[in-house]
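Structure data (mmCIF, C-alpha atoms) from work21.cif:
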data_data
loop_
_atom_site.label_atom_id
_atom_site.label_comp_id
_atom_site.auth_asym_id
_atom_site.auth_seq_id
_atom_site.Cartn_x
_atom_site.Cartn_y
_atom_site.Cartn_z
CA MET A 19 174.51 -32.90 84.40
CA PRO A 20 171.28 -32.80 82.41
CA ASP A 21 169.89 -35.50 80.18
CA ALA A 22 170.57 -33.92 76.77
CA ALA A 23 167.75 -35.97 75.26
CA ALA A 24 165.30 -34.26 77.65
CA HIS A 25 166.76 -30.75 77.58
CA PRO A 26 170.02 -29.33 76.25
CA ILE A 27 173.25 -28.77 78.10
CA ARG A 28 173.37 -25.14 79.23
CA LEU A 29 176.72 -24.00 77.87
CA ALA A 30 178.59 -20.70 78.05
CA ILE A 31 181.65 -19.50 76.15
CA VAL A 32 184.39 -17.65 78.00
CA GLY A 33 186.34 -15.49 75.55
CA ILE A 34 184.55 -14.26 72.43
CA GLY A 35 187.45 -13.93 70.03
CA LYS A 36 187.94 -15.07 66.47
CA ILE A 37 188.01 -18.82 67.13
CA ALA A 38 184.85 -18.66 69.24
CA ARG A 39 182.96 -16.69 66.60
CA ASP A 40 184.26 -18.60 63.59
CA GLN A 41 184.07 -22.16 64.94
CA HIS A 42 182.54 -22.67 68.37
CA VAL A 43 179.35 -20.65 67.95
CA PRO A 44 178.33 -22.26 64.61
CA ALA A 45 179.04 -25.75 65.95
CA ILE A 46 177.01 -25.15 69.11
CA ASP A 47 174.12 -23.62 67.17
CA LYS A 48 173.85 -26.75 65.01
CA ASP A 49 173.98 -29.23 67.91
CA PRO A 50 170.61 -29.73 69.66
CA ARG A 51 172.37 -31.22 72.68
CA PHE A 52 173.62 -27.74 73.62
CA ALA A 53 172.07 -24.36 74.31
CA LEU A 54 174.41 -21.35 74.26
CA VAL A 55 173.01 -19.39 77.20
CA ALA A 56 175.74 -16.82 77.87
CA THR A 57 179.20 -15.50 77.15
CA ALA A 58 181.83 -13.97 79.39
CA ASP A 59 184.18 -11.40 77.91
CA PRO A 60 184.95 -7.84 79.08
CA HIS A 61 185.69 -6.74 75.52
CA GLY A 62 183.19 -8.51 73.25
CA SER A 63 179.77 -10.09 73.03
CA LEU A 64 177.36 -11.84 70.68
CA PRO A 65 174.00 -10.55 69.45
CA ASN A 66 171.05 -11.74 71.57
CA VAL A 67 173.26 -13.68 74.00
CA PRO A 68 173.67 -12.36 77.57
CA ASN A 69 177.27 -11.33 78.23
CA TYR A 70 179.10 -10.93 81.52
CA PRO A 71 182.49 -9.42 82.35
CA ASP A 72 183.84 -12.67 83.78
CA LEU A 73 182.95 -16.20 84.78
CA GLY A 74 182.15 -15.22 88.36
CA ALA A 75 179.52 -12.70 87.31
CA MET A 76 178.07 -15.16 84.84
CA ARG A 77 177.80 -17.93 87.42
CA ALA A 78 176.10 -15.58 89.88
CA ALA A 79 173.47 -14.73 87.25
CA LEU A 80 173.14 -18.30 85.94
CA PRO A 81 173.45 -20.78 88.84
CA ASP A 82 172.07 -23.61 86.68
CA LEU A 83 174.88 -23.40 84.12
CA ASP A 84 176.20 -26.86 83.12
CA ALA A 85 179.36 -26.34 81.08
CA VAL A 86 181.83 -23.82 79.71
CA ALA A 87 184.03 -23.65 76.63
CA ILE A 88 187.15 -21.64 77.43
CA CYS A 89 188.34 -19.82 74.31
CA THR A 90 190.50 -17.06 75.82
CA PRO A 91 194.18 -16.61 74.96
CA PRO A 92 196.22 -19.37 76.65
CA ALA A 93 197.62 -17.13 79.41
CA TYR A 94 194.19 -16.87 81.07
CA ARG A 95 192.90 -20.40 80.75
CA ALA A 96 194.31 -22.04 83.88
CA ALA A 97 192.69 -19.61 86.34
CA ILE A 98 189.35 -19.70 84.52
CA ALA A 99 189.40 -23.50 84.32
CA ALA A 100 190.17 -23.75 88.04
CA GLU A 101 187.16 -21.54 88.84
CA ALA A 102 184.89 -23.53 86.53
CA ILE A 103 186.00 -26.88 87.92
CA ALA A 104 185.52 -25.68 91.50
CA ALA A 105 181.96 -24.72 90.53
CA GLY A 106 181.31 -28.23 89.19
CA LEU A 107 181.07 -27.20 85.56
CA ALA A 108 182.11 -29.42 82.66
CA VAL A 109 185.03 -27.75 80.88
CA LEU A 110 186.05 -27.74 77.23
CA LEU A 111 189.46 -26.16 76.61
CA GLU A 112 190.34 -24.68 73.22
CA LYS A 113 193.84 -25.62 72.14
CA PRO A 114 196.60 -25.31 73.27
CA THR A 115 195.05 -26.15 76.71
CA ALA A 116 197.09 -23.66 78.79
CA ALA A 117 200.12 -21.40 78.70
CA THR A 118 202.44 -24.07 80.08
CA LEU A 119 202.49 -27.81 80.55
CA ALA A 120 202.57 -27.34 84.35
CA GLU A 121 199.37 -25.27 84.18
CA ALA A 122 197.71 -27.86 81.97
CA GLU A 123 198.67 -30.70 84.31
CA THR A 124 197.24 -28.74 87.23
CA ILE A 125 193.93 -28.31 85.37
CA VAL A 126 193.81 -32.04 84.68
CA ALA A 127 194.53 -32.89 88.32
CA ARG A 128 191.86 -30.47 89.56
CA ALA A 129 189.23 -31.95 87.26
CA ALA A 130 190.13 -35.51 88.25
CA ALA A 131 189.96 -34.66 91.95
CA ALA A 132 186.62 -32.91 91.54
CA GLY A 133 185.16 -35.60 89.29
CA THR A 134 184.16 -33.03 86.66
CA THR A 135 184.27 -33.55 82.90
CA LEU A 136 187.29 -32.06 81.16
CA MET A 137 188.00 -32.17 77.43
CA THR A 138 191.26 -30.93 75.94
CA THR A 139 190.51 -30.21 72.30
CA TRP A 140 192.80 -30.68 69.31
CA HIS A 141 190.51 -29.72 66.45
CA SER A 142 192.90 -30.72 63.66
CA ARG A 143 192.66 -34.35 64.77
CA GLU A 144 189.04 -34.16 63.63
CA ALA A 145 190.01 -33.06 60.10
CA ALA A 146 188.39 -35.18 57.41
CA ALA A 147 191.40 -37.31 56.38
CA VAL A 148 193.21 -37.82 59.70
CA ALA A 149 191.41 -41.03 60.68
CA GLU A 150 192.13 -42.55 57.26
CA ALA A 151 195.78 -41.54 57.55
CA ARG A 152 196.06 -43.14 60.99
CA ALA A 153 194.55 -46.38 59.70
CA TRP A 154 196.85 -46.38 56.65
CA VAL A 155 199.98 -45.87 58.76
CA ALA A 156 199.08 -48.69 61.15
CA GLY A 157 201.12 -51.79 60.33
CA ARG A 158 203.61 -49.92 58.16
CA ARG A 159 207.17 -48.92 59.03
CA VAL A 160 207.29 -45.15 59.00
CA ASP A 161 210.71 -44.03 57.80
CA ARG A 162 210.30 -40.26 57.63
CA VAL A 163 207.78 -37.49 58.25
CA ALA A 164 208.10 -33.97 56.87
CA ILE A 165 205.76 -31.24 58.12
CA THR A 166 205.36 -27.92 56.32
CA TRP A 167 202.98 -25.61 58.19
CA LYS A 168 203.12 -22.05 56.83
CA GLU A 169 200.45 -19.38 57.05
CA ASP A 170 200.11 -15.60 57.19
CA ILE A 171 199.52 -14.23 60.69
CA ARG A 172 198.18 -11.03 59.12
CA ARG A 173 195.44 -12.97 57.36
CA TRP A 174 194.42 -15.42 60.07
CA HIS A 175 195.12 -13.43 63.25
CA PRO A 176 194.55 -9.75 62.45
CA GLY A 177 195.03 -7.53 65.47
CA GLN A 178 195.66 -10.43 67.86
CA GLU A 179 198.71 -8.96 69.54
CA TRP A 180 198.59 -11.53 72.34
CA ILE A 181 199.76 -14.27 69.99
CA LEU A 182 203.32 -12.87 69.87
CA ALA A 183 203.38 -11.91 73.54
CA GLU A 184 204.66 -13.99 76.46
CA ASN A 185 202.74 -17.29 76.57
CA GLY A 186 201.10 -16.46 73.25
CA PHE A 187 202.77 -19.40 71.43
CA GLY A 188 203.47 -17.41 68.24
CA VAL A 189 203.90 -19.72 65.26
CA PHE A 190 203.27 -22.69 67.53
CA ASP A 191 199.63 -21.61 67.85
CA PRO A 192 198.98 -23.03 64.36
CA GLY A 193 202.01 -25.34 64.52
CA ILE A 194 200.59 -27.26 67.47
CA ASN A 195 197.80 -28.38 65.14
CA ALA A 196 200.38 -30.25 63.07
CA LEU A 197 201.87 -31.75 66.22
CA SER A 198 198.42 -32.89 67.35
CA ILE A 199 197.93 -34.74 64.06
CA LEU A 200 201.43 -36.19 64.25
CA THR A 201 200.97 -37.58 67.76
CA ALA A 202 197.57 -39.00 66.81
CA ILE A 203 198.92 -40.83 63.75
CA LEU A 204 202.28 -42.24 64.89
CA PRO A 205 202.19 -45.28 67.18
CA ASP A 206 205.26 -44.31 69.27
CA PRO A 207 205.85 -41.22 71.43
CA VAL A 208 207.45 -38.24 69.69
CA MET A 209 210.51 -36.50 71.12
CA VAL A 210 212.17 -33.22 70.15
CA GLU A 211 215.88 -33.47 69.35
CA THR A 212 216.71 -29.95 68.13
CA ALA A 213 214.83 -26.73 67.45
CA HIS A 214 215.52 -23.28 66.03
CA VAL A 215 213.13 -20.38 66.56
CA GLU A 216 213.04 -16.84 65.19
CA ILE A 217 211.57 -14.19 67.49
CA PRO A 218 210.86 -10.66 66.22
CA ASP A 219 212.62 -7.85 68.03
CA GLY A 220 210.36 -6.55 70.79
CA ARG A 221 208.23 -9.69 70.84
CA ALA A 222 208.27 -12.74 73.12
CA ALA A 223 206.98 -15.57 70.91
CA PRO A 224 208.44 -17.03 67.69
CA ILE A 225 207.37 -16.03 64.21
CA ALA A 226 209.09 -19.09 62.64
CA ALA A 227 210.53 -22.40 63.84
CA THR A 228 212.19 -25.55 62.57
CA LEU A 229 212.19 -28.78 64.57
CA ALA A 230 213.96 -32.12 64.30
CA MET A 231 212.10 -34.87 66.13
CA VAL A 232 212.13 -38.63 66.42
CA SER A 233 209.48 -41.29 67.08
CA GLY A 234 210.83 -44.80 67.48
CA GLY A 235 213.04 -45.13 64.40
CA THR A 236 211.25 -42.37 62.49
CA ALA A 237 212.98 -39.09 61.65
CA ILE A 238 210.62 -36.11 61.67
CA SER A 239 211.20 -32.57 60.42
CA ALA A 240 208.86 -29.63 60.89
CA ASP A 241 209.03 -26.21 59.26
CA PHE A 242 206.70 -23.57 60.71
CA ASP A 243 206.35 -20.03 59.33
CA PHE A 244 203.91 -17.29 60.35
CA LEU A 245 204.75 -14.88 57.50
CA GLN A 246 203.82 -17.03 54.52
CA THR A 247 202.49 -15.01 51.60
CA GLY A 248 200.64 -16.48 48.63
CA PRO A 249 199.41 -20.07 48.98
CA GLN A 250 199.12 -21.28 52.55
CA SER A 251 200.64 -24.65 53.47
CA TRP A 252 199.39 -27.12 56.06
CA ASP A 253 200.99 -30.32 54.80
CA MET A 254 202.43 -33.54 56.21
CA ARG A 255 204.31 -36.10 54.10
CA ILE A 256 204.70 -39.59 55.55
CA ASP A 257 207.18 -41.97 53.86
CA THR A 258 206.82 -45.64 54.77
CA ASP A 259 208.19 -49.00 53.64
CA ARG A 260 205.01 -49.45 51.60
CA GLY A 261 204.24 -46.12 50.06
CA THR A 262 203.93 -42.40 50.73
CA LEU A 263 200.98 -40.51 52.13
CA LEU A 264 200.42 -36.76 51.86
CA LEU A 265 198.03 -34.97 54.17
CA SER A 266 197.24 -31.43 53.04
CA ASP A 267 194.89 -28.58 53.91
CA GLY A 268 195.46 -29.18 57.61
CA GLY A 269 194.41 -32.81 57.37
CA ALA A 270 191.33 -32.24 55.24
CA SER A 271 192.81 -33.83 52.08
CA ILE A 272 194.77 -37.04 51.51
CA ALA A 273 196.78 -38.48 48.64
CA ILE A 274 198.53 -41.87 48.61
CA ASP A 275 201.42 -42.71 46.29
CA GLY A 276 200.90 -39.67 44.09
CA GLU A 277 197.19 -40.06 43.53
CA THR A 278 195.02 -36.96 43.19
CA ALA A 279 194.22 -35.55 46.58
CA ARG A 280 190.82 -36.49 47.97
CA ALA A 281 188.91 -34.26 50.37
CA ALA A 282 185.75 -34.68 52.42
CA GLU A 283 183.59 -32.25 54.33
CA ASN A 284 185.54 -30.92 57.28
CA ILE A 285 183.45 -30.93 60.46
CA GLU A 286 186.15 -30.48 63.10
CA TYR A 287 184.21 -28.48 65.67
CA PRO A 288 180.88 -30.29 65.31
CA ALA A 289 182.82 -33.50 66.03
CA ILE A 290 184.39 -31.89 69.09
CA TYR A 291 181.03 -30.86 70.52
CA ALA A 292 179.48 -34.24 69.77
CA ARG A 293 182.20 -35.88 71.85
CA PHE A 294 181.94 -33.25 74.59
CA ALA A 295 178.23 -34.05 74.91
CA ALA A 296 179.04 -37.77 75.13
CA LEU A 297 181.67 -37.15 77.82
CA ILE A 298 179.25 -35.06 79.87
CA ALA A 299 176.58 -37.75 79.60
CA ALA A 300 179.05 -40.41 80.74
CA GLY A 301 180.65 -38.23 83.43
CA THR A 302 184.12 -38.87 82.02
CA SER A 303 187.01 -36.82 80.63
CA GLU A 304 189.26 -36.85 77.58
CA VAL A 305 192.73 -35.45 78.07
CA ASP A 306 195.89 -35.47 75.94
CA LEU A 307 198.78 -33.08 76.56
CA ALA A 308 201.29 -34.61 74.12
CA PRO A 309 201.20 -31.74 71.57
CA LEU A 310 201.66 -29.13 74.30
CA ARG A 311 204.56 -31.13 75.74
CA LEU A 312 206.30 -31.08 72.34
CA VAL A 313 205.98 -27.30 72.06
CA GLU A 314 207.36 -26.80 75.53
CA ASP A 315 210.25 -29.18 74.81
CA ALA A 316 210.97 -27.37 71.53
CA LEU A 317 211.12 -23.98 73.26
CA ARG A 318 213.31 -25.43 76.00
CA VAL A 319 215.98 -26.80 73.63
CA ALA A 320 215.66 -24.12 70.94
CA THR A 321 218.45 -22.06 69.48
CA ARG A 322 216.96 -18.55 69.41
CA GLU A 323 217.53 -15.85 66.84
CA THR A 324 216.19 -12.29 66.98
CA VAL A 325 214.85 -11.09 63.63
CA ALA A 326 213.38 -7.86 62.30
CA ALA A 327 210.56 -6.28 64.29
CA PHE A 328 207.07 -7.27 63.18
CA ALA A 329 203.81 -5.33 63.32
CA PHE A 330 200.34 -6.55 62.33
#
Representation of the structure as structure tokens:
Amino acid sequence: MPDAAAHPIRLAIVGIGKIARDQHVPAIDKDPRFALVATADPHGSLPNVPNYPDLGAMRAALPDLDAVAICTPPAYRAAIAAEAIAAGLAVLLEKPTAATLAEAETIVARAAAAGTTLMTTWHSREAAAVAEARAWVAGRRVDRVAITWKEDIRRWHPGQEWILAENGFGVFDPGINALSILTAILPDPVMVETAHVEIPDGRAAPIAATLAMVSGGTAISADFDFLQTGPQSWDMRIDTDRGTLLLSDGGASIAIDGETARAAENIEYPAIYARFAALIAAGTSEVDLAPLRLVEDALRVATRETVAAFAF
């Protein structure tokens, strides 16, 4: 891998969808340690950036490529990651890592065997108030956590039919962000006890879900909805023996014991790329599959209900 101080890491993005355009590209453009040299997507491209139909064609044209960020829908990530790892490329995986836990574990094993850098990203852990929340919880007895994660699929995922298809995750695509914060903040492992999911007729992934979980002696509830109109809700309330903390705006704002919520600049993706650069320089990896494991466990134990058909 190159010395980023001497010349930037030659990075390509595989999958030029909404998350790549909205978050990855701006973060890369602002980080001098990276140079975005290409994209791979049969259906989309970026202005003034060479595009290729797939990773194989891109690698053939750019043999000195250093790293890839894989931003495709989850169903395609395992095969692309395997190809990238075999080519010796450092790999950054957009959440939720892969379509299944087994696929994700295979990616991790391949990277470890090859000695290539792998980073599984959970961008919501980088939200402005999450580190403060984790520090505040430490040393307290957490009695209860209540998660309310409700947003409008039509607003945030227009035309993205894959998200309600098989292996598309449905409401767990945003919901896994809450689970990533939860598993970062609580000191003990989280386990799913019960789950209920609502799946639209003709679709394969849930549009809404409720979970009951436990972590040590802590009871945790989660309410996920993908058809929220009006105000959007990305909130987590944590009740402890010494006060109550409220994370809101997806972890960007924090309020303790009823104080007015405080917010700081949210630099989730710049933080991700800063750490990716550090991992590449050190030749190490950063992997955490706990949020994905919770989603898979929830779907495994879920009571399923078919609801009215949904169209974007």
**Message:** Please expand the PyMOL selection byres ((chain A and resi 261) around 12) into the concrete residues it hits in this file, giving the result as a PyMOL selection string.
**Reply:** chain A and resi 154-155+158-162+255-260+262-264+273-277
**Prompt:** Given the file above and the PyMOL selection byres ((chain A and resi 212) around 8), which residues are selected, and can you give them as a PyMOL selection string?
**Reply:** chain A and resi 210-211+213-214+229-231+316+319-320
Using C-alpha atoms, can you write the selected residues to a file as a compact mmCIF listing (two decimals), in the coordinates of the input?
# COMPACT_ATOMS: atom_id res chain seq x y z
CA VAL A 210 212.17 -33.22 70.15
CA GLU A 211 215.88 -33.47 69.35
CA ALA A 213 214.83 -26.73 67.45
CA HIS A 214 215.52 -23.28 66.03
CA LEU A 229 212.19 -28.78 64.57
CA ALA A 230 213.96 -32.12 64.30
CA MET A 231 212.10 -34.87 66.13
CA ALA A 316 210.97 -27.37 71.53
CA VAL A 319 215.98 -26.80 73.63
CA ALA A 320 215.66 -24.12 70.94
Which residues, written as a compact mmCIF listing (two decimals) with C-alpha atoms, keeping the file's coordinate frame, have at least one atom at most 8 Å from segment 64-77 of chain A, with all atoms listed in the file counted and residues fewer than 6 positions away on the same chain left out?
# COMPACT_ATOMS: atom_id res chain seq x y z
CA VAL A 32 184.39 -17.65 78.00
CA ILE A 34 184.55 -14.26 72.43
CA LEU A 54 174.41 -21.35 74.26
CA VAL A 55 173.01 -19.39 77.20
CA ALA A 56 175.74 -16.82 77.87
CA THR A 57 179.20 -15.50 77.15
CA ALA A 58 181.83 -13.97 79.39
CA LEU A 83 174.88 -23.40 84.12
CA ILE A 98 189.35 -19.70 84.52
CA GLU A 101 187.16 -21.54 88.84
CA ALA A 102 184.89 -23.53 86.53
**Prompt:** Any idea what's packed within 8 Å of segment 182-197 of chain A, counting all atoms listed in the file, ignoring anything in its chain fewer than 3 positions away? Could you give it as a ChimeraX atom specification?
**Reply:** /A:91-93,114,117-118,140-143,165,167,179,200-201,221-227,242-244,252,254,268,309-310,312-313
Hey, could you make a per-residue contact list for segment 214-307 of chain A against segment 44-48 of chain A with 8 Å as the cut-off, showing the nearest pair of atoms and its distance in Å to one decimal, counting only C-alpha atoms, sorted by chain and number, as JSON lines?
{"residue": "A:Tyr287", "atom": "CA", "partner": "A:Ala45", "partner_atom": "CA", "distance": 5.9}
{"residue": "A:Pro288", "atom": "CA", "partner": "A:Ala45", "partner_atom": "CA", "distance": 4.9}
{"residue": "A:Tyr291", "atom": "CA", "partner": "A:Ile46", "partner_atom": "CA", "distance": 7.1}
**Fill in**
Using only C-alpha atoms, the best pick from A:Gln250, A:Arg152, A:Thr228, A:Glu112 as closest to Ile203 of chain A would be A:Arg152
**Request:** May I have the protein, DNA and RNA residues with an atom at most 9 Å from (183.3, -34.8, 88.5), counting only C-alpha atoms in the file's coordinates, returned as a list in words?
**Result:**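 All residues meeting the 9 Å criterion around (183.3, -34.8, 88.5) are Ile103, Gly106, Leu107, Ala108, Ala129, Ala130, Ala131, Ala132, Gly133, Thr134, Thr135, Leu136, Gly301, Thr302 and Ser303 of chain A.
Selection result for the displayed file, with the PyMOL selection byres ((chain A and resi 95) around 9) as criterion, is Ile88, Cys89, Thr90, Pro91, Pro92, Ala93, Tyr94, Ala96, Ala97, Ile98, Ala99, Ala100, Leu111, Thr115, Ala116, Ala117, Glu121 and Ala122 of chain A.
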**Message:** Measuring between only C-alpha atoms, which one of A:Ile37, A:Ala85, A:Ala300, A:Ala146 shows the shortest distance to Ser271 of chain A?
**Reply:** A:Ala146
**Prompt:** Near Phe52 of chain A, counting all atoms listed in the file, which residues have an atom at most 8 Å away, once you skip same-chain residues fewer than 4 positions from it, shown as a ChimeraX atom specification?
**Reply:** /A:22,26-29,46-47,295
**Asked** What is the distance, in Å and to one decimal place, between atom CA of Pro207 of chain A and atom CA of Thr138 of chain A?
**Response**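 These atoms are spaced 18.4 Å apart.
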**Request:** Tell me, in Å to one decimal, how far atom CA of Val215 of chain A is from atom CA of Thr321 of chain A.
**Result:**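 If I compute the distance from atom CA of Val215 of chain A to atom CA of Thr321 of chain A, I get 6.3 Å.
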**Message:** If I take atom CA of Leu110 of chain A and atom CA of Ala30 of chain A, how far is one from the other in Å, to one decimal?
**Reply:**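 Computing the Euclidean distance for atom CA of Leu110 of chain A and atom CA of Ala30 of chain A yields 10.3 Å.
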**Message:** Here is a test: counting all atoms listed in the file, which residue of A:Ser239, A:Asn284, A:Ser198, A:Thr124 is nearest to Gln41 of chain A?
**Reply:**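 Of A:Ser239, A:Asn284, A:Ser198, A:Thr124, the one nearest Gln41 of chain A is A:Asn284, counting all atoms listed in the file.
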Can you report as lines of an AutoDock Vina configuration file the centre and edge lengths in Å, to one decimal, of an axis-aligned box around the listed atoms of segment 182-189 of chain A padded with 4 Å on each side?
center_x = 202.9
center_y = -15.8
center_z = 70.9
size_x = 11.6
size_y = 15.8
size_z = 19.3
**Prompt:** Which one of A:Leu80, A:Gly234, A:Glu216, A:Ser63 sits closest to Ala327 of chain A if you count only C-alpha atoms?
**Reply:**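 Nearest to Ala327 of chain A: A:Glu216.
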